$ cat upload14.tsv   # TSV, C-alpha atoms
chain	number	residue	atom	x	y	z
A	1	MET	CA	-9.71	46.44	97.16
A	2	ASN	CA	-12.93	46.15	98.99
A	3	PRO	CA	-12.65	48.04	102.27
A	4	LEU	CA	-15.15	45.66	103.79
A	5	ALA	CA	-12.97	42.67	103.01
A	6	ASP	CA	-12.13	41.84	106.57
A	7	GLN	CA	-15.73	41.76	107.60
A	8	LEU	CA	-16.71	39.07	105.12
A	9	ALA	CA	-16.61	35.70	106.76
A	10	PRO	CA	-14.25	32.98	105.63
A	11	LEU	CA	-15.75	29.95	103.93
A	12	ALA	CA	-18.64	28.60	105.95
A	13	HIS	CA	-18.78	25.16	104.36
A	14	PRO	CA	-15.32	24.49	102.98
A	15	VAL	CA	-15.83	21.08	101.41
A	16	LEU	CA	-19.14	21.90	99.78
A	17	ASP	CA	-17.87	25.22	98.56
A	18	VAL	CA	-14.78	23.74	96.97
A	19	PHE	CA	-16.87	21.04	95.35
A	20	LEU	CA	-19.32	23.55	93.89
A	21	LEU	CA	-16.44	25.73	92.79
A	22	GLY	CA	-14.90	22.84	90.88
A	23	PHE	CA	-18.25	22.00	89.35
A	24	VAL	CA	-18.82	25.56	88.16
A	25	VAL	CA	-15.29	25.81	86.75
A	26	ALA	CA	-15.64	22.56	84.83
A	27	CYS	CA	-19.06	23.48	83.42
A	28	SER	CA	-17.81	26.93	82.45
A	29	PHE	CA	-14.96	25.51	80.41
A	30	ILE	CA	-17.20	22.94	78.74
A	31	ALA	CA	-19.68	25.67	77.84
A	32	ALA	CA	-16.81	27.77	76.50
A	33	LEU	CA	-15.77	24.85	74.29
A	34	TYR	CA	-19.28	24.40	72.96
A	35	PHE	CA	-19.55	28.07	72.08
A	36	LEU	CA	-16.13	27.95	70.47
A	37	ARG	CA	-17.37	25.12	68.27
A	38	PHE	CA	-20.49	27.10	67.38
A	39	TRP	CA	-18.31	30.02	66.43
A	40	LYS	CA	-16.20	27.84	64.17
A	41	SER	CA	-19.23	26.54	62.33
A	42	THR	CA	-21.24	29.75	62.03
A	43	ARG	CA	-18.51	32.43	62.10
A	44	ASP	CA	-20.83	34.52	64.23
A	45	PRO	CA	-18.79	36.62	66.68
A	46	LEU	CA	-21.60	36.44	69.21
A	47	PHE	CA	-20.57	32.87	69.94
A	48	LEU	CA	-16.96	33.90	70.34
A	49	ALA	CA	-18.07	36.48	72.89
A	50	PHE	CA	-20.02	33.84	74.79
A	51	SER	CA	-17.07	31.46	74.65
A	52	LEU	CA	-14.83	34.14	76.10
A	53	PHE	CA	-17.40	35.01	78.73
A	54	PHE	CA	-17.59	31.44	80.00
A	55	ALA	CA	-13.86	30.80	79.72
A	56	ILE	CA	-13.21	33.89	81.82
A	57	GLN	CA	-15.90	32.83	84.25
A	58	GLY	CA	-14.11	29.48	84.60
A	59	ILE	CA	-10.74	31.10	85.12
A	60	ASN	CA	-12.14	33.58	87.60
A	61	TYR	CA	-13.90	31.01	89.72
A	62	GLY	CA	-10.84	28.76	89.52
A	63	SER	CA	-8.56	31.54	90.69
A	64	LEU	CA	-10.63	31.81	93.86
A	65	LEU	CA	-8.85	28.67	95.06
A	66	ALA	CA	-5.65	30.66	95.40
A	67	VAL	CA	-7.23	33.46	97.35
A	68	GLU	CA	-7.58	33.66	101.10
A	69	HIS	CA	-10.95	35.27	101.33
A	70	PRO	CA	-12.72	33.95	98.25
A	71	ASN	CA	-15.86	35.68	99.22
A	72	GLU	CA	-14.66	39.00	98.00
A	73	GLY	CA	-13.23	40.00	94.64
A	74	ASN	CA	-9.81	41.34	93.90
A	75	PHE	CA	-8.69	43.85	91.34
A	76	TRP	CA	-7.72	41.53	88.48
A	77	HIS	CA	-10.74	39.36	89.08
A	78	THR	CA	-12.88	42.45	88.55
A	79	VAL	CA	-11.02	43.78	85.52
A	80	ILE	CA	-11.03	40.49	83.64
A	81	ARG	CA	-14.66	39.96	84.46
A	82	PHE	CA	-15.43	43.39	83.09
A	83	VAL	CA	-13.67	42.48	79.84
A	84	ALA	CA	-15.90	39.41	79.51
A	85	VAL	CA	-19.11	41.36	80.07
A	86	ALA	CA	-18.03	44.21	77.83
A	87	GLY	CA	-17.22	41.71	75.09
A	88	LEU	CA	-20.68	40.23	75.34
A	89	LEU	CA	-22.35	43.62	75.19
A	90	ALA	CA	-20.16	44.68	72.28
A	91	ALA	CA	-21.10	41.53	70.36
A	92	MET	CA	-24.78	42.22	70.95
A	93	VAL	CA	-24.44	45.81	69.80
A	94	TRP	CA	-22.52	44.67	66.73
A	95	LYS	CA	-25.19	42.12	65.89
A	96	ASN	CA	-27.95	44.69	66.01
A	97	PHE	CA	-26.29	47.70	64.43
A	98	PHE	CA	-23.37	46.57	62.34
A	99	GLU	CA	-23.96	43.06	61.16
A	100	PRO	CA	-24.21	42.97	57.36
B	1	MET	CA	-37.44	43.98	33.77
B	2	SER	CA	-34.06	45.53	34.29
B	3	GLU	CA	-31.98	42.68	35.57
B	4	GLN	CA	-28.89	44.48	34.44
B	5	SER	CA	-29.35	47.20	37.01
B	6	LEU	CA	-29.47	44.83	39.97
B	7	LYS	CA	-28.15	46.29	43.14
B	8	PRO	CA	-25.59	43.97	44.70
B	9	GLY	CA	-27.95	43.35	47.63
B	10	LEU	CA	-30.61	41.70	45.50
B	11	ASP	CA	-29.67	38.08	45.78
B	12	PRO	CA	-32.76	35.86	46.01
B	13	TYR	CA	-30.76	33.03	47.54
B	14	GLN	CA	-29.50	35.30	50.28
B	15	PHE	CA	-33.02	36.60	50.82
B	16	ILE	CA	-34.32	33.07	51.22
B	17	ARG	CA	-31.43	32.01	53.37
B	18	GLU	CA	-31.88	34.90	55.74
B	19	LYS	CA	-35.61	35.47	55.88
B	20	ILE	CA	-37.35	32.23	54.99
B	21	ASP	CA	-37.46	29.72	57.80
B	22	SER	CA	-39.16	26.73	56.26
B	23	VAL	CA	-40.55	25.34	53.03
B	24	PRO	CA	-44.15	26.25	54.02
B	25	HIS	CA	-42.90	29.83	54.51
B	26	LEU	CA	-41.54	29.84	50.99
B	27	GLU	CA	-44.62	28.25	49.46
B	28	ALA	CA	-46.93	30.67	51.26
B	29	LEU	CA	-44.80	33.54	50.05
B	30	ILE	CA	-44.88	32.33	46.45
B	31	LEU	CA	-48.63	31.85	46.71
B	32	PHE	CA	-49.17	35.35	48.05
B	33	TRP	CA	-46.97	36.76	45.30
B	34	ASN	CA	-48.56	34.91	42.43
B	35	SER	CA	-52.10	35.53	43.57
B	36	ARG	CA	-51.65	39.20	44.44
B	37	PRO	CA	-53.66	41.20	45.36
B	38	VAL	CA	-55.99	38.40	46.40
B	39	GLY	CA	-56.41	37.99	50.14
B	40	TRP	CA	-56.38	34.63	51.88
B	41	THR	CA	-57.70	33.65	55.26
B	42	CYS	CA	-55.65	31.48	57.54
B	43	ASP	CA	-57.83	28.45	56.87
B	44	GLU	CA	-57.81	28.90	53.10
B	45	LEU	CA	-54.04	29.05	53.18
B	46	ALA	CA	-53.83	25.99	55.41
B	47	SER	CA	-55.92	23.87	53.07
B	48	ARG	CA	-54.15	25.13	49.98
B	49	LEU	CA	-50.69	24.39	51.36
B	50	TYR	CA	-51.67	21.16	53.13
B	51	VAL	CA	-50.29	22.48	56.37
B	52	PRO	CA	-51.96	22.59	59.82
B	53	SER	CA	-53.59	25.87	60.83
B	54	GLU	CA	-51.27	26.67	63.72
B	55	GLN	CA	-48.25	26.33	61.51
B	56	VAL	CA	-49.89	28.55	58.92
B	57	ALA	CA	-50.67	31.14	61.60
B	58	GLU	CA	-46.99	31.20	62.50
B	59	VAL	CA	-45.98	31.49	58.84
B	60	ILE	CA	-48.35	34.40	58.33
B	61	ARG	CA	-47.09	36.07	61.47
B	62	ASP	CA	-43.50	35.78	60.26
B	63	LEU	CA	-44.34	37.12	56.80
B	64	VAL	CA	-46.26	40.03	58.31
B	65	ARG	CA	-43.29	40.78	60.54
B	66	LEU	CA	-41.07	40.84	57.46
B	67	GLN	CA	-43.58	43.28	55.94
B	68	ILE	CA	-44.05	41.13	52.86
B	69	VAL	CA	-47.66	40.40	53.68
B	70	HIS	CA	-50.26	42.52	55.37
B	71	GLU	CA	-53.65	42.07	56.87
B	72	THR	CA	-56.56	43.42	54.89
B	73	HIS	CA	-59.54	44.33	56.95
B	74	GLY	CA	-62.54	42.11	57.11
B	75	SER	CA	-63.80	39.31	59.19
B	76	PRO	CA	-62.37	36.72	59.19
B	77	ALA	CA	-58.97	38.36	58.65
B	78	LYS	CA	-57.47	38.07	55.20
B	79	TYR	CA	-53.84	38.45	54.27
B	80	SER	CA	-52.35	39.54	51.00
B	81	TYR	CA	-49.06	40.52	49.45
B	82	LEU	CA	-47.85	43.96	50.44
B	83	PRO	CA	-46.28	45.50	47.35
B	84	SER	CA	-43.37	47.86	47.08
B	85	GLU	CA	-41.01	48.46	44.22
B	86	GLU	CA	-38.00	46.95	45.87
B	87	LYS	CA	-39.95	44.01	47.18
B	88	ASN	CA	-41.52	43.36	43.80
B	89	THR	CA	-38.11	43.17	42.19
B	90	MET	CA	-36.89	40.73	44.81
B	91	MET	CA	-40.06	38.65	44.56
B	92	ARG	CA	-39.69	38.28	40.81
B	93	LEU	CA	-36.20	36.90	41.39
B	94	VAL	CA	-37.38	34.64	44.18
B	95	ASP	CA	-40.22	33.34	42.04
B	96	GLU	CA	-37.80	32.63	39.24
B	97	VAL	CA	-35.37	30.67	41.37
B	98	TYR	CA	-38.28	28.86	42.97
B	99	ARG	CA	-39.35	27.55	39.58
B	100	ARG	CA	-35.87	26.86	38.39
B	101	ASP	CA	-33.90	25.67	41.36
B	102	LEU	CA	-36.28	24.23	43.92
B	103	VAL	CA	-34.06	21.38	45.02
B	104	ARG	CA	-31.21	23.67	45.92
B	105	ILE	CA	-33.50	26.03	47.79
B	106	SER	CA	-35.20	23.29	49.78
B	107	THR	CA	-31.84	21.86	50.75
B	108	MET	CA	-30.71	25.29	51.83
B	109	ILE	CA	-33.83	25.86	53.90
B	110	HIS	CA	-33.75	22.44	55.52
B	111	SER	CA	-30.15	22.66	56.53
B	112	LYS	CA	-30.76	26.11	57.91
B	113	ALA	CA	-34.00	25.47	59.72
B	114	SER	CA	-32.83	22.52	61.74
B	115	SER	CA	-30.19	24.45	63.63
B	116	PRO	CA	-30.92	25.40	67.23
B	117	ILE	CA	-27.59	27.17	67.17
B	118	ARG	CA	-28.79	29.55	64.51
B	119	GLU	CA	-31.93	30.19	66.51
B	120	PHE	CA	-29.77	31.00	69.51
B	121	ALA	CA	-27.98	33.68	67.52
B	122	ARG	CA	-31.22	34.96	66.05
B	123	ALA	CA	-32.69	35.46	69.51
B	124	PHE	CA	-30.17	38.27	70.02
B	125	ARG	CA	-31.31	40.21	67.00
B	126	ILE	CA	-33.60	42.85	68.36
B	127	ARG	CA	-33.65	45.20	65.44
B	128	LYS	CA	-33.02	43.31	62.26
B	129	GLU	CA	-36.57	42.60	61.19
B	130	ARG	CA	-37.20	45.72	59.17
B	131	ASP	CA	-34.96	45.61	56.17
B	132	THR	CA	-35.73	43.57	53.08
C	1	MET	CA	-16.45	49.84	92.43
C	2	SER	CA	-16.73	46.16	91.91
C	3	ALA	CA	-20.33	46.14	93.12
C	4	ALA	CA	-21.17	48.34	90.14
C	5	LEU	CA	-19.53	45.79	87.88
C	6	TYR	CA	-21.65	43.01	89.36
C	7	ILE	CA	-24.74	45.09	88.80
C	8	LEU	CA	-23.69	45.66	85.20
C	9	THR	CA	-23.04	41.95	84.84
C	10	SER	CA	-26.45	41.21	86.31
C	11	LEU	CA	-28.12	43.50	83.81
C	12	THR	CA	-26.21	41.90	80.95
C	13	THR	CA	-27.06	38.36	81.97
C	14	LEU	CA	-30.64	39.43	82.59
C	15	LEU	CA	-30.80	40.85	79.08
C	16	CYS	CA	-29.43	37.61	77.67
C	17	ALA	CA	-32.00	35.66	79.66
C	18	ILE	CA	-34.85	37.82	78.41
C	19	LEU	CA	-33.76	37.58	74.78
C	20	LEU	CA	-33.29	33.83	74.96
C	21	LEU	CA	-36.57	33.13	76.72
C	22	ARG	CA	-38.39	35.44	74.34
C	23	GLY	CA	-36.77	33.54	71.49
C	24	TYR	CA	-37.90	30.27	73.05
C	25	ALA	CA	-41.46	31.59	73.24
C	26	ARG	CA	-41.28	32.30	69.51
C	27	VAL	CA	-39.54	29.29	68.03
C	28	ARG	CA	-39.76	26.65	70.76
C	29	ARG	CA	-36.15	25.53	70.49
C	30	ARG	CA	-35.23	23.94	73.81
C	31	LEU	CA	-31.63	25.10	73.65
C	32	LEU	CA	-32.98	28.62	74.11
C	33	LEU	CA	-34.97	27.50	77.14
C	34	TRP	CA	-32.04	25.93	78.96
C	35	SER	CA	-29.62	28.70	78.17
C	36	GLY	CA	-32.24	31.31	79.09
C	37	LEU	CA	-32.71	29.63	82.46
C	38	CYS	CA	-28.94	29.46	82.87
C	39	PHE	CA	-28.70	33.19	82.44
C	40	ILE	CA	-31.48	33.72	84.95
C	41	GLY	CA	-29.38	31.71	87.39
C	42	LEU	CA	-26.27	33.70	86.56
C	43	THR	CA	-28.23	36.91	87.11
C	44	VAL	CA	-29.30	35.66	90.54
C	45	THR	CA	-25.68	34.77	91.27
C	46	ASN	CA	-24.47	38.22	90.33
C	47	ILE	CA	-27.20	39.97	92.29
C	48	LEU	CA	-26.29	37.86	95.32
C	49	LYS	CA	-22.67	38.88	94.83
C	50	ALA	CA	-23.60	42.55	94.73
C	51	GLY	CA	-25.78	41.96	97.76
C	52	ASP	CA	-22.90	40.24	99.52
C	53	LEU	CA	-20.70	43.23	98.92
C	54	LEU	CA	-23.24	45.89	99.73
C	55	ILE	CA	-25.96	44.63	102.01
C	56	PHE	CA	-25.52	41.33	103.76
C	57	LEU	CA	-22.42	42.00	105.74
C	58	HIS	CA	-23.12	39.67	108.64
C	59	THR	CA	-23.75	36.53	106.67
C	60	ASP	CA	-21.81	34.63	104.09
C	61	LEU	CA	-23.67	34.20	100.87
C	62	PHE	CA	-20.79	32.45	99.17
C	63	ALA	CA	-22.30	28.99	99.34
C	64	TYR	CA	-25.62	30.27	97.98
C	65	ARG	CA	-23.90	32.08	95.15
C	66	LEU	CA	-21.95	29.00	94.25
C	67	GLY	CA	-25.13	26.98	94.50
C	68	SER	CA	-27.03	29.20	92.09
C	69	ALA	CA	-24.05	29.36	89.74
C	70	ALA	CA	-23.78	25.58	89.84
C	71	VAL	CA	-27.47	25.13	89.07
C	72	ALA	CA	-27.25	27.68	86.25
C	73	MET	CA	-24.25	26.01	84.65
C	74	ALA	CA	-25.78	22.56	85.03
C	75	LEU	CA	-28.86	23.74	83.11
C	76	LEU	CA	-26.69	25.20	80.38
C	77	ILE	CA	-24.54	22.08	80.01
C	78	PHE	CA	-27.61	19.91	79.91
C	79	GLY	CA	-29.07	22.10	77.18
C	80	LEU	CA	-25.84	22.20	75.17
C	81	VAL	CA	-25.27	18.48	75.32
C	82	TRP	CA	-28.86	17.46	74.72
C	83	GLU	CA	-30.11	20.02	72.27
C	84	SER	CA	-27.30	21.14	70.03
C	85	GLN	CA	-26.70	19.00	67.02
$ encode --input "upload14.tsv" --output "structure tokens"
Amino acid sequence: MNPLADQLAPLAHPVLDVFLLGFVVACSFIAALYFLRFWKSTRDPLFLAFSLFFAIQGINYGSLLAVEHPNEGNFWHTVIRFVAVAGLLAAMVWKNFFEP
Amino acid sequence: MSEQSLKPGLDPYQFIREKIDSVPHLEALILFWNSRPVGWTCDELASRLYVPSEQVAEVIRDLVRLQIVHETHGSPAKYSYLPSEEKNTMMRLVDEVYRRDLVRISTMIHSKASSPIREFARAFRIRKERDT
Amino acid sequence: MSAALYILTSLTTLLCAILLLRGYARVRRRLLLWSGLCFIGLTVTNILKAGDLLIFLHTDLFAYRLGSAAVAMALLIFGLVWESQ
């Protein structure tokens, strides 16, 4: 948990922030769907990694609605985000060193 | 020609599918192969293939990057086929399928080349250019 | 440290942006342009997040981060819808 959590301000512009949050979540899931489709047609795991990355981004941003101080992360937020990034890096490494 | 001793990796269709981006690429490649070791300038190639010069420049750049073609010194710059045993074997196969099966190859190239999605994936290949 | 994770994420998205924009410079496929710009935006978002956690303790960057994320995702969606077959 971030020890500075209490010092981060609560939402400064609640309505705008919630609107933008919803926008980002929706776009993230749409992007995830597109990349899922690309993966189905090319069988390239890179696209699966991107799909996962954006799906997780959508879930993470969406979960901020349930949190009191959305301006800081929490543990699971961080862990799941790390999985998404690691997946992307792993796919890029695979593509350059292991792809037949 | 020892076709019987083909390594499993020597599939001309796979070579074309993976390395050749457009029909002008293929035709330039075949031209370089059949006219080896003659060198061609960019303009000579453009007029021979009926393709604009900028496109030819890109084709040459791609073939040089694949190490199939190299620049021979002179002014203006000339380009010619860069031989190697493994490449020669593959080129003989490619030449053969080019004569025999052009329709299938063109279809393959066209369906491949029009995909932005494939280009997206290719952008993430930093290292793959070297192997034949 | 979650700030370290955001820095790692920034570097990853920056790498994606560089590869995509370099690819666009080579093959001129607009999908690469829009997605490259998206990842630039996501990199900015992540850097702002790290900054929020580490540096700017008296202001709230949340709206700016959401703004840059929203712009980034809008660019990507536009590119995906318009340019992919």
$ interface_residues --input "upload14.tsv" --of "chain C" --to "chain A" --cutoff "7 Å" --atoms "only C-alpha atoms" --output "number ranges by chain"
C: 2, 5, 9, 57, 60, 62-63, 66-67, 69-70, 73-74, 77
$ interface_residues --input "upload14.tsv" --of "chain B" --to "chain A" --cutoff "8 Å" --atoms "all atoms listed in the file" --output "PyMOL selection string"
chain B and resi 117-118+121+124-128
$ closest_atom_pairs --input "upload14.tsv" --of "chain B" --to "chain C" --cutoff "8 Å" --atoms "only C-alpha atoms" --output "JSON lines"
{"residue": "B:Ser115", "atom": "CA", "partner": "C:Gln85", "partner_atom": "CA", "distance": 7.3}
{"residue": "B:Pro116", "atom": "CA", "partner": "C:Arg29", "partner_atom": "CA", "distance": 6.2}
{"residue": "B:Ile117", "atom": "CA", "partner": "C:Ser84", "partner_atom": "CA", "distance": 6.7}
{"residue": "B:Glu119", "atom": "CA", "partner": "C:Arg29", "partner_atom": "CA", "distance": 7.4}
{"residue": "B:Phe120", "atom": "CA", "partner": "C:Leu32", "partner_atom": "CA", "distance": 6.1}
{"residue": "B:Arg122", "atom": "CA", "partner": "C:Gly23", "partner_atom": "CA", "distance": 7.9}
{"residue": "B:Ala123", "atom": "CA", "partner": "C:Gly23", "partner_atom": "CA", "distance": 4.9}
{"residue": "B:Phe124", "atom": "CA", "partner": "C:Leu19", "partner_atom": "CA", "distance": 6.0}
$ residues_around --input "upload14.tsv" --residues "Pro52 (chain B)" --least-positions-apart "5" --cutoff "10 Å" --atoms "only C-alpha atoms" --output "JSON, numbers by chain"
{"B": [42, 43, 45, 46, 47, 57]}
$ atom_distance --input "upload14.tsv" --atom1 "CA of Cys38 (chain C)" --atom2 "CA of Thr13 (chain C)"
9.1 Å
$ atom_distance --input "upload14.tsv" --atom1 "CA of Pro76 (chain B)" --atom2 "CA of Tyr50 (chain B)"
19.8 Å
$ closest_residue --input "upload14.tsv" --among "C:Gly51, C:Leu14, C:Leu61, C:Ala3" --to "Leu37 (chain C)" --atoms "all atoms listed in the file"
C:Leu14
$ residues_around --input "upload14.tsv" --residues "Ile60 (chain B)" --least-positions-apart "5" --cutoff "10 Å" --atoms "only C-alpha atoms" --output "PyMOL selection string"
chain B and resi 25+28-29+41-42+45+54-55+65-66+68-71+79-80
$ residues_near_point --input "upload14.tsv" --point "(-33.0, 37.6, 44.8)" --cutoff "12 Å" --atoms "only C-alpha atoms" --output "PyMOL selection string"
chain B and resi 3+6-19+86-98+105+132
$ closest_residue --input "upload14.tsv" --among "A:Ile56, A:Leu48, A:Arg37, A:Phe29" --to "Val83 (chain A)" --atoms "only C-alpha atoms"
A:Ile56
